[in-house]
>>> print(open('input-v4.tsv').read())   # TSV, C-alpha atoms
chain	number	residue	atom	x	y	z
F	1	MET	CA	-12.89	32.02	-4.97
F	2	ALA	CA	-10.50	29.48	-6.51
F	3	THR	CA	-11.36	25.81	-6.10
F	4	LYS	CA	-8.75	23.94	-4.12
F	5	THR	CA	-7.08	21.16	-6.10
F	6	PRO	CA	-7.81	17.79	-4.48
F	7	ARG	CA	-4.90	15.82	-3.09
F	8	ARG	CA	-4.14	12.72	-5.14
F	9	VAL	CA	-3.10	9.47	-3.52
F	10	LEU	CA	-1.87	6.42	-5.43
F	11	MET	CA	-3.56	3.28	-4.06
F	12	LEU	CA	-1.68	-0.03	-4.32
F	13	HIS	CA	-3.67	-3.18	-3.64
F	14	GLY	CA	-2.50	-6.33	-1.91
F	15	TYR	CA	-1.48	-9.72	-3.24
F	16	ALA	CA	-4.37	-11.53	-5.01
F	17	GLN	CA	-6.47	-8.37	-5.16
F	18	SER	CA	-7.11	-5.97	-8.03
F	19	ALA	CA	-7.80	-2.25	-8.27
F	20	THR	CA	-11.55	-2.99	-8.27
F	21	ILE	CA	-11.41	-5.26	-5.22
F	22	PHE	CA	-9.29	-2.82	-3.25
F	23	SER	CA	-11.46	0.13	-4.24
F	24	LYS	CA	-14.60	-1.64	-3.04
F	25	ARG	CA	-12.97	-2.60	0.23
F	26	MET	CA	-11.90	1.01	0.75
F	27	GLY	CA	-15.36	2.30	-0.12
F	28	ALA	CA	-16.01	3.81	3.31
F	29	LEU	CA	-12.74	5.73	3.20
F	30	ARG	CA	-13.38	6.89	-0.36
F	31	LYS	CA	-16.73	8.29	0.76
F	32	ALA	CA	-15.14	9.99	3.77
F	33	CYS	CA	-12.53	11.65	1.54
F	34	GLY	CA	-15.19	13.12	-0.74
F	35	LYS	CA	-13.85	15.54	-3.33
F	36	GLU	CA	-11.03	16.68	-1.07
F	37	ILE	CA	-8.79	13.63	-1.61
F	38	GLU	CA	-8.76	11.59	-4.81
F	39	LEU	CA	-7.81	7.95	-4.28
F	40	VAL	CA	-6.40	6.53	-7.52
F	41	PHE	CA	-6.54	2.72	-7.67
F	42	ILE	CA	-4.43	0.85	-10.23
F	43	ASP	CA	-4.01	-2.81	-11.21
F	44	ALA	CA	-0.77	-4.67	-10.62
F	45	PRO	CA	0.70	-5.90	-13.93
F	46	HIS	CA	1.06	-9.59	-13.03
F	47	VAL	CA	-1.87	-12.03	-13.07
F	48	LEU	CA	-1.91	-14.88	-10.56
F	49	THR	CA	-2.74	-18.41	-11.64
F	50	PRO	CA	-4.48	-21.07	-9.51
F	51	VAL	CA	-1.05	-22.65	-9.02
F	52	ASP	CA	0.33	-19.36	-7.67
F	53	LEU	CA	-2.58	-19.01	-5.27
F	54	ALA	CA	-2.32	-22.61	-4.07
F	55	GLU	CA	1.15	-21.86	-2.69
F	56	GLN	CA	-0.02	-18.93	-0.57
F	57	PHE	CA	-2.69	-18.23	2.04
F	58	SER	CA	-6.32	-18.57	1.02
F	59	THR	CA	-7.90	-15.64	-0.82
F	60	SER	CA	-10.13	-15.17	2.23
F	61	GLU	CA	-7.10	-14.74	4.49
F	62	LEU	CA	-5.60	-12.36	1.94
F	63	GLY	CA	-8.73	-10.24	1.78
F	64	ALA	CA	-9.58	-11.23	-1.76
F	65	GLU	CA	-12.63	-13.49	-1.54
F	66	GLU	CA	-14.06	-11.70	-4.57
F	67	ALA	CA	-11.14	-12.66	-6.80
F	68	SER	CA	-12.27	-14.52	-9.92
F	69	ASP	CA	-10.69	-15.45	-13.22
F	70	GLN	CA	-14.15	-15.15	-14.79
F	71	ASP	CA	-14.26	-11.36	-14.43
F	72	PRO	CA	-11.31	-9.28	-15.70
F	73	ALA	CA	-11.95	-6.62	-13.03
F	74	LEU	CA	-11.68	-9.26	-10.28
F	75	THR	CA	-8.69	-11.16	-11.66
F	76	PRO	CA	-6.21	-11.79	-8.82
F	77	ARG	CA	-3.00	-9.85	-9.38
F	78	CYS	CA	0.33	-9.12	-7.76
F	79	TRP	CA	3.17	-6.62	-7.98
F	80	TRP	CA	5.72	-9.46	-8.08
F	81	LYS	CA	5.83	-13.21	-7.57
F	82	SER	CA	7.90	-14.76	-4.80
F	83	ASP	CA	9.34	-18.16	-4.07
F	84	LYS	CA	8.38	-19.97	-0.86
F	85	ALA	CA	11.33	-18.38	0.96
F	86	LEU	CA	9.99	-14.93	-0.11
F	87	ALA	CA	13.49	-13.99	-1.30
F	88	GLN	CA	12.79	-13.70	-5.03
F	89	MET	CA	10.74	-10.83	-6.42
F	90	ASN	CA	10.05	-11.86	-9.98
F	91	GLY	CA	8.44	-9.03	-11.92
F	92	LEU	CA	9.29	-6.17	-9.55
F	93	GLU	CA	11.33	-4.29	-12.14
F	94	ASP	CA	8.41	-4.41	-14.58
F	95	THR	CA	6.18	-3.03	-11.85
F	96	LEU	CA	8.60	-0.17	-11.16
F	97	ARG	CA	8.65	0.70	-14.87
F	98	LEU	CA	4.84	0.80	-14.80
F	99	LEU	CA	4.93	3.16	-11.82
F	100	ARG	CA	7.62	5.26	-13.50
F	101	ASP	CA	5.38	5.89	-16.50
F	102	LEU	CA	2.35	6.56	-14.31
F	103	LEU	CA	4.19	9.07	-12.13
F	104	HIS	CA	5.65	10.80	-15.18
F	105	LYS	CA	2.13	11.55	-16.47
F	106	ASP	CA	0.44	12.74	-13.27
F	107	HIS	CA	1.27	14.30	-9.91
F	108	TYR	CA	0.60	12.42	-6.67
F	109	ASP	CA	0.85	13.79	-3.14
F	110	GLY	CA	1.23	10.39	-1.52
F	111	VAL	CA	0.96	6.64	-1.82
F	112	PHE	CA	-1.17	4.21	0.22
F	113	GLY	CA	-0.58	0.47	0.02
F	114	PHE	CA	-1.85	-2.67	1.69
F	115	SER	CA	0.33	-5.74	2.44
F	116	GLN	CA	2.35	-6.42	-0.73
F	117	GLY	CA	1.09	-3.04	-1.92
F	118	ALA	CA	2.33	-1.48	1.33
F	119	CYS	CA	5.75	-2.98	0.74
F	120	LEU	CA	5.69	-1.53	-2.78
F	121	ALA	CA	4.52	1.86	-1.48
F	122	ALA	CA	7.57	2.05	0.78
F	123	ILE	CA	9.85	0.89	-2.05
F	124	LEU	CA	8.42	3.62	-4.28
F	125	ALA	CA	8.82	6.31	-1.62
F	126	ALA	CA	12.42	5.28	-0.99
F	127	LEU	CA	13.24	4.98	-4.69
F	128	LEU	CA	11.98	8.51	-5.40
F	129	GLU	CA	14.50	9.73	-2.81
F	130	LYS	CA	17.41	8.07	-4.61
F	131	PRO	CA	16.21	7.15	-8.12
F	132	ASP	CA	19.75	6.53	-9.41
F	133	THR	CA	19.60	3.23	-7.52
F	134	PHE	CA	17.53	1.83	-10.42
F	135	PRO	CA	18.61	3.58	-13.66
F	136	ALA	CA	15.62	2.15	-15.58
F	137	PHE	CA	13.39	4.22	-13.29
F	138	LEU	CA	14.81	7.43	-14.76
F	139	ILE	CA	13.41	9.23	-17.80
F	140	ASP	CA	16.03	11.08	-19.81
F	141	GLY	CA	18.33	10.79	-16.82
F	142	LYS	CA	15.84	12.41	-14.43
F	143	PRO	CA	13.41	11.01	-11.84
F	144	PRO	CA	9.82	10.75	-13.12
F	145	HIS	CA	8.34	12.50	-10.08
F	146	PRO	CA	9.47	14.46	-6.99
F	147	PRO	CA	9.68	12.61	-3.66
F	148	LEU	CA	6.23	11.97	-2.19
F	149	GLN	CA	4.84	14.00	0.70
F	150	PHE	CA	3.78	10.85	2.54
F	151	CYS	CA	3.42	7.09	2.43
F	152	ILE	CA	0.85	4.92	4.22
F	153	ALA	CA	1.87	1.29	4.64
F	154	ALA	CA	-0.86	-0.95	6.05
F	155	CYS	CA	0.36	-4.43	7.02
F	156	GLY	CA	3.67	-3.66	5.34
F	157	PHE	CA	7.04	-5.40	5.42
F	158	ARG	CA	10.52	-5.14	3.93
F	159	PRO	CA	11.61	-7.91	1.55
F	160	ASP	CA	14.83	-9.77	2.26
F	161	ASN	CA	16.23	-8.95	-1.15
F	162	PRO	CA	19.54	-7.35	-2.27
F	163	PHE	CA	17.84	-5.06	-4.80
F	164	CYS	CA	15.48	-3.70	-2.14
F	165	ASP	CA	18.34	-3.41	0.33
F	166	SER	CA	20.08	-1.04	-2.08
F	167	ILE	CA	16.93	1.14	-2.14
F	168	PHE	CA	16.15	1.10	1.57
F	169	PHE	CA	19.53	1.14	3.30
F	170	PRO	CA	20.51	2.81	5.45
F	171	SER	CA	17.00	4.29	5.63
F	172	TYR	CA	14.42	6.36	3.78
F	173	SER	CA	12.95	9.61	5.10
F	174	THR	CA	9.53	10.05	3.44
F	175	PRO	CA	6.98	10.56	6.25
F	176	THR	CA	5.38	7.14	6.59
F	177	LEU	CA	2.35	6.01	8.55
F	178	HIS	CA	2.56	2.31	9.39
F	179	VAL	CA	-0.79	0.69	10.23
F	180	LEU	CA	-0.37	-2.71	11.86
F	181	GLY	CA	-2.74	-5.30	13.31
F	182	ASN	CA	-1.89	-6.85	16.65
F	183	MET	CA	-3.53	-10.10	15.52
F	184	ASP	CA	-2.02	-10.23	12.01
F	185	VAL	CA	-0.85	-13.79	11.31
F	186	ILE	CA	0.15	-13.12	7.68
F	187	VAL	CA	2.51	-10.19	8.19
F	188	VAL	CA	3.62	-10.95	11.74
F	189	ALA	CA	5.37	-8.42	13.99
F	190	GLU	CA	8.83	-9.81	13.25
F	191	ARG	CA	8.25	-9.22	9.55
F	192	SER	CA	6.61	-5.80	9.84
F	193	ASN	CA	9.41	-4.59	12.12
F	194	THR	CA	11.91	-4.99	9.28
F	195	LEU	CA	10.21	-2.10	7.46
F	196	LEU	CA	9.96	0.02	10.59
F	197	GLU	CA	13.72	-0.31	11.04
F	198	VAL	CA	14.49	1.53	7.78
F	199	SER	CA	11.70	4.12	8.05
F	200	SER	CA	13.43	7.09	9.68
F	201	ASN	CA	10.42	9.43	9.67
F	202	LYS	CA	7.69	7.09	10.83
F	203	ARG	CA	4.46	7.05	12.74
F	204	VAL	CA	3.11	3.68	13.88
F	205	GLU	CA	-0.53	3.02	14.74
F	206	TYR	CA	-1.80	-0.38	15.87
F	207	HIS	CA	-5.30	-1.78	15.74
F	208	ASP	CA	-6.70	-4.77	17.58
F	209	GLY	CA	-7.46	-6.87	14.51
F	210	GLY	CA	-5.63	-8.92	11.93
F	211	HIS	CA	-4.59	-8.55	8.31
F	212	PHE	CA	-6.83	-5.71	7.17
F	213	ILE	CA	-7.23	-1.94	7.09
F	214	PRO	CA	-9.59	-0.75	9.83
F	215	SER	CA	-12.75	0.83	8.47
F	216	LYS	CA	-14.64	2.15	11.48
F	217	ALA	CA	-15.38	5.87	11.64
F	218	ASN	CA	-12.51	6.69	14.02
F	219	TRP	CA	-10.01	5.11	11.61
F	220	ARG	CA	-11.60	6.62	8.49
F	221	ASN	CA	-11.41	10.07	10.03
F	222	PHE	CA	-7.85	9.51	11.18
F	223	LEU	CA	-6.64	8.32	7.77
F	224	ARG	CA	-8.39	11.20	6.02
F	225	SER	CA	-6.84	13.71	8.43
F	226	TYR	CA	-3.41	12.18	7.99
F	227	MET	CA	-3.64	12.40	4.19
F	228	ARG	CA	-4.70	16.03	4.53
F	229	ASP	CA	-1.74	16.91	6.74
F	230	PRO	CA	0.82	14.11	7.25
F	231	LEU	CA	3.12	16.37	9.27
F	232	GLY	CA	0.34	17.76	11.43
F	233	ASN	CA	-0.65	16.83	14.95
F	234	VAL	CA	-3.32	14.32	13.99
F	235	PRO	CA	-4.74	12.52	17.06
F	236	SER	CA	-4.46	8.73	17.12
F	237	PRO	CA	-7.65	6.86	16.14
F	238	GLY	CA	-7.87	5.30	19.60
F	239	PRO	CA	-10.02	2.29	20.46
F	240	ALA	CA	-13.33	1.75	18.71
F	241	PRO	CA	-16.45	2.70	20.69
F	242	VAL	CA	-17.85	-0.14	22.77
F	243	SER	CA	-20.88	-0.36	20.47
F	244	GLN	CA	-18.68	-1.12	17.46
F	245	ALA	CA	-16.86	-4.29	16.49
F	246	PRO	CA	-13.07	-4.03	17.00
F	247	SER	CA	-11.29	-2.02	14.28
F	248	GLY	CA	-13.80	-2.79	11.56
F	249	ALA	CA	-13.11	-6.51	11.54
F	250	ALA	CA	-16.80	-7.07	10.95
F	251	THR	CA	-16.98	-4.50	8.18
F	252	PRO	CA	-18.87	-5.79	5.11
F	253	VAL	CA	-16.71	-6.81	2.17
F	254	SER	CA	-18.01	-3.87	0.17
F	255	SER	CA	-16.48	-1.44	2.64
F	256	GLU	CA	-13.05	-2.81	3.47
F	257	THR	CA	-11.09	-5.60	5.13
F	258	PRO	CA	-7.98	-7.83	4.57
F	259	VAL	CA	-5.39	-8.49	1.75
F	260	SER	CA	-1.95	-10.25	1.25
F	261	SER	CA	1.74	-10.18	1.11
>>> encode(input="input-v4.tsv", output="structure tokens")
Amino acid sequence: MATKTPRRVLMLHGYAQSATIFSKRMGALRKACGKEIELVFIDAPHVLTPVDLAEQFSTSELGAEEASDQDPALTPRCWWKSDKALAQMNGLEDTLRLLRDLLHKDHYDGVFGFSQGACLAAILAALLEKPDTFPAFLIDGKPPHPPLQFCIAACGFRPDNPFCDSIFFPSYSTPTLHVLGNMDVIVVAERSNTLLEVSSNKRVEYHDGGHFIPSKANWRNFLRSYMRDPLGNVPSPGPAPVSQAPSGAATPVSSETPVSS
């Protein structure tokens, strides 16, 4: 009997995290996915300096307490650097070239991002639908990869940026699961709604916590089921059992928790 090829999902970490930090925080989900779904974590190309971090929320608020410039695997990174008005996206084009080369080498079924990584996940999904928007994304005049089967954007948002407007507007149609925290003070509802507005094939699930990806069993099972069959009738994760802390907010750092825009 032929062995079923595992689904591959590109994992994009949040601002001030790294592939290692995000992978550790998603440890419970990785375990739940087993050999059926391969989660591929990659580092953002841009390294953050102490000056960069001083202008943003604390690393604790961003879900990156482990970040350290003393360990290359824990070096805080980002997919682009913004000004205080969050209008500039310095380094985004370099990031898209990195993703272009990665997608050209391997096949991915979907993309899963957190905070700034969620924003990038949606950008990538939309760009693969109309790659001519950014000619440098093409290889020999062709897109590097077919459109993705799904996108998961946890604590995502849409940048107020002309380049991104050209990719997103009027909308993108990749099936997208938006995971949002009712108590998120970093990506507030007004900001997350801007991404929902351009996501024409969306599913929205809320949890009762803040800026993090829920890690309790009901959410792990839900996310695994969604990645298996994003167009299927996957039941909502529902509230956590009374015996559990809300949404995994108390989950140990090694399992999962917050990250940034």
>>> atom_distance(input="input-v4.tsv", atom1="atom CA of Lys35 of chain F", atom2="atom CA of Ile213 of chain F")
21.4 Å
>>> atom_distance(input="input-v4.tsv", atom1="atom CA of Arg191 of chain F", atom2="atom CA of Arg8 of chain F")
29.2 Å
>>> closest_residue(input="input-v4.tsv", among="F:Leu231, F:Leu127, F:Cys155, F:Leu223", to="Met183 of chain F", atoms="only C-alpha atoms")
F:Cys155
>>> closest_residue(input="input-v4.tsv", among="F:Phe222, F:Phe157, F:Phe212, F:Phe169", to="Leu195 of chain F", atoms="all atoms listed in the file")
F:Phe157
>>> closest_residue(input="input-v4.tsv", among="F:Ile152, F:Leu103, F:Leu48, F:Val179", to="Asp208 of chain F", atoms="only C-alpha atoms")
F:Val179
>>> closest_residue(input="input-v4.tsv", among="F:Phe137, F:Phe114, F:Tyr172, F:Phe150", to="Pro214 of chain F", atoms="only C-alpha atoms")
F:Phe114
>>> decode(input="input-v4.tsv", residues="segment 196-230 of chain F", atoms="N, CA and C atoms", output="mmCIF file, in the first residue's frame")
data_model
loop_
_atom_site.group_PDB
_atom_site.id
_atom_site.type_symbol
_atom_site.label_atom_id
_atom_site.label_comp_id
_atom_site.auth_asym_id
_atom_site.auth_seq_id
_atom_site.Cartn_x
_atom_site.Cartn_y
_atom_site.Cartn_z
ATOM 1 N N LEU F 196 -9.513 41.094 6.764
ATOM 2 C CA LEU F 196 -10.760 40.369 6.511
ATOM 3 C C LEU F 196 -11.503 40.960 5.315
ATOM 4 N N GLU F 197 -11.412 42.278 5.161
ATOM 5 C CA GLU F 197 -12.144 42.964 4.090
ATOM 6 C C GLU F 197 -11.725 42.522 2.689
ATOM 7 N N VAL F 198 -10.459 42.109 2.525
ATOM 8 C CA VAL F 198 -9.984 41.725 1.190
ATOM 9 C C VAL F 198 -9.885 40.206 1.013
ATOM 10 N N SER F 199 -10.278 39.466 2.036
ATOM 11 C CA SER F 199 -10.231 38.003 1.998
ATOM 12 C C SER F 199 -11.614 37.502 1.599
ATOM 13 N N SER F 200 -11.788 37.161 0.330
ATOM 14 C CA SER F 200 -13.124 36.835 -0.178
ATOM 15 C C SER F 200 -13.569 35.420 0.157
ATOM 16 N N ASN F 201 -12.627 34.543 0.494
ATOM 17 C CA ASN F 201 -12.970 33.155 0.809
ATOM 18 C C ASN F 201 -12.432 32.852 2.204
ATOM 19 N N LYS F 202 -13.069 33.451 3.191
ATOM 20 C CA LYS F 202 -12.513 33.431 4.547
ATOM 21 C C LYS F 202 -13.360 32.645 5.535
ATOM 22 N N ARG F 203 -12.672 32.197 6.557
ATOM 23 C CA ARG F 203 -13.300 31.645 7.755
ATOM 24 C C ARG F 203 -12.646 32.353 8.937
ATOM 25 N N VAL F 204 -13.431 32.825 9.867
ATOM 26 C CA VAL F 204 -12.896 33.570 11.009
ATOM 27 C C VAL F 204 -13.236 32.842 12.296
ATOM 28 N N GLU F 205 -12.228 32.566 13.099
ATOM 29 C CA GLU F 205 -12.419 31.942 14.410
ATOM 30 C C GLU F 205 -11.773 32.822 15.472
ATOM 31 N N TYR F 206 -12.520 33.103 16.520
ATOM 32 C CA TYR F 206 -12.026 33.945 17.614
ATOM 33 C C TYR F 206 -11.723 33.091 18.843
ATOM 34 N N HIS F 207 -10.715 33.523 19.587
ATOM 35 C CA HIS F 207 -10.469 32.908 20.895
ATOM 36 C C HIS F 207 -10.523 34.011 21.949
ATOM 37 N N ASP F 208 -10.565 33.612 23.194
ATOM 38 C CA ASP F 208 -10.805 34.559 24.270
ATOM 39 C C ASP F 208 -9.531 35.160 24.861
ATOM 40 N N GLY F 209 -8.419 35.004 24.163
ATOM 41 C CA GLY F 209 -7.154 35.518 24.670
ATOM 42 C C GLY F 209 -6.639 36.699 23.877
ATOM 43 N N GLY F 210 -5.330 36.902 23.961
ATOM 44 C CA GLY F 210 -4.710 38.056 23.332
ATOM 45 C C GLY F 210 -3.913 37.722 22.085
ATOM 46 N N HIS F 211 -2.661 38.215 22.050
ATOM 47 C CA HIS F 211 -1.838 38.118 20.856
ATOM 48 C C HIS F 211 -1.039 36.820 20.866
ATOM 49 N N PHE F 212 -1.715 35.722 20.572
ATOM 50 C CA PHE F 212 -1.045 34.420 20.532
ATOM 51 C C PHE F 212 -1.908 33.428 19.762
ATOM 52 N N ILE F 213 -1.314 32.292 19.459
ATOM 53 C CA ILE F 213 -2.027 31.200 18.800
ATOM 54 C C ILE F 213 -2.462 30.210 19.873
ATOM 55 N N PRO F 214 -3.751 29.954 20.020
ATOM 56 C CA PRO F 214 -4.202 29.032 21.058
ATOM 57 C C PRO F 214 -3.554 27.653 20.908
ATOM 58 N N SER F 215 -3.264 27.025 22.045
ATOM 59 C CA SER F 215 -2.546 25.752 21.989
ATOM 60 C C SER F 215 -3.242 24.620 22.720
ATOM 61 N N LYS F 216 -4.426 24.874 23.263
ATOM 62 C CA LYS F 216 -5.135 23.800 23.941
ATOM 63 C C LYS F 216 -5.583 22.738 22.932
ATOM 64 N N ALA F 217 -5.944 21.573 23.456
ATOM 65 C CA ALA F 217 -6.227 20.421 22.588
ATOM 66 C C ALA F 217 -7.320 20.711 21.566
ATOM 67 N N ASN F 218 -8.376 21.438 21.976
ATOM 68 C CA ASN F 218 -9.458 21.693 21.022
ATOM 69 C C ASN F 218 -8.969 22.520 19.842
ATOM 70 N N TRP F 219 -8.065 23.464 20.092
ATOM 71 C CA TRP F 219 -7.513 24.282 19.008
ATOM 72 C C TRP F 219 -6.492 23.510 18.185
ATOM 73 N N ARG F 220 -5.666 22.706 18.831
ATOM 74 C CA ARG F 220 -4.693 21.887 18.086
ATOM 75 C C ARG F 220 -5.420 20.967 17.116
ATOM 76 N N ASN F 221 -6.459 20.320 17.609
ATOM 77 C CA ASN F 221 -7.212 19.388 16.760
ATOM 78 C C ASN F 221 -7.915 20.123 15.628
ATOM 79 N N PHE F 222 -8.432 21.298 15.941
ATOM 80 C CA PHE F 222 -9.106 22.086 14.907
ATOM 81 C C PHE F 222 -8.126 22.511 13.813
ATOM 82 N N LEU F 223 -6.973 23.034 14.205
ATOM 83 C CA LEU F 223 -5.994 23.499 13.216
ATOM 84 C C LEU F 223 -5.472 22.341 12.370
ATOM 85 N N ARG F 224 -5.240 21.206 13.017
ATOM 86 C CA ARG F 224 -4.796 20.025 12.258
ATOM 87 C C ARG F 224 -5.866 19.606 11.252
ATOM 88 N N SER F 225 -7.121 19.583 11.683
ATOM 89 C CA SER F 225 -8.208 19.179 10.790
ATOM 90 C C SER F 225 -8.372 20.167 9.640
ATOM 91 N N TYR F 226 -8.204 21.440 9.937
ATOM 92 C CA TYR F 226 -8.325 22.439 8.877
ATOM 93 C C TYR F 226 -7.210 22.253 7.849
ATOM 94 N N MET F 227 -5.988 22.023 8.298
ATOM 95 C CA MET F 227 -4.883 21.834 7.353
ATOM 96 C C MET F 227 -5.069 20.564 6.528
ATOM 97 N N ARG F 228 -5.710 19.568 7.105
ATOM 98 C CA ARG F 228 -6.013 18.344 6.355
ATOM 99 C C ARG F 228 -7.004 18.629 5.237
ATOM 100 N N ASP F 229 -8.035 19.416 5.563
ATOM 101 C CA ASP F 229 -9.135 19.621 4.619
ATOM 102 C C ASP F 229 -9.712 21.027 4.789
ATOM 103 N N PRO F 230 -9.041 22.035 4.215
ATOM 104 C CA PRO F 230 -9.469 23.426 4.426
ATOM 105 C C PRO F 230 -10.848 23.749 3.856
#
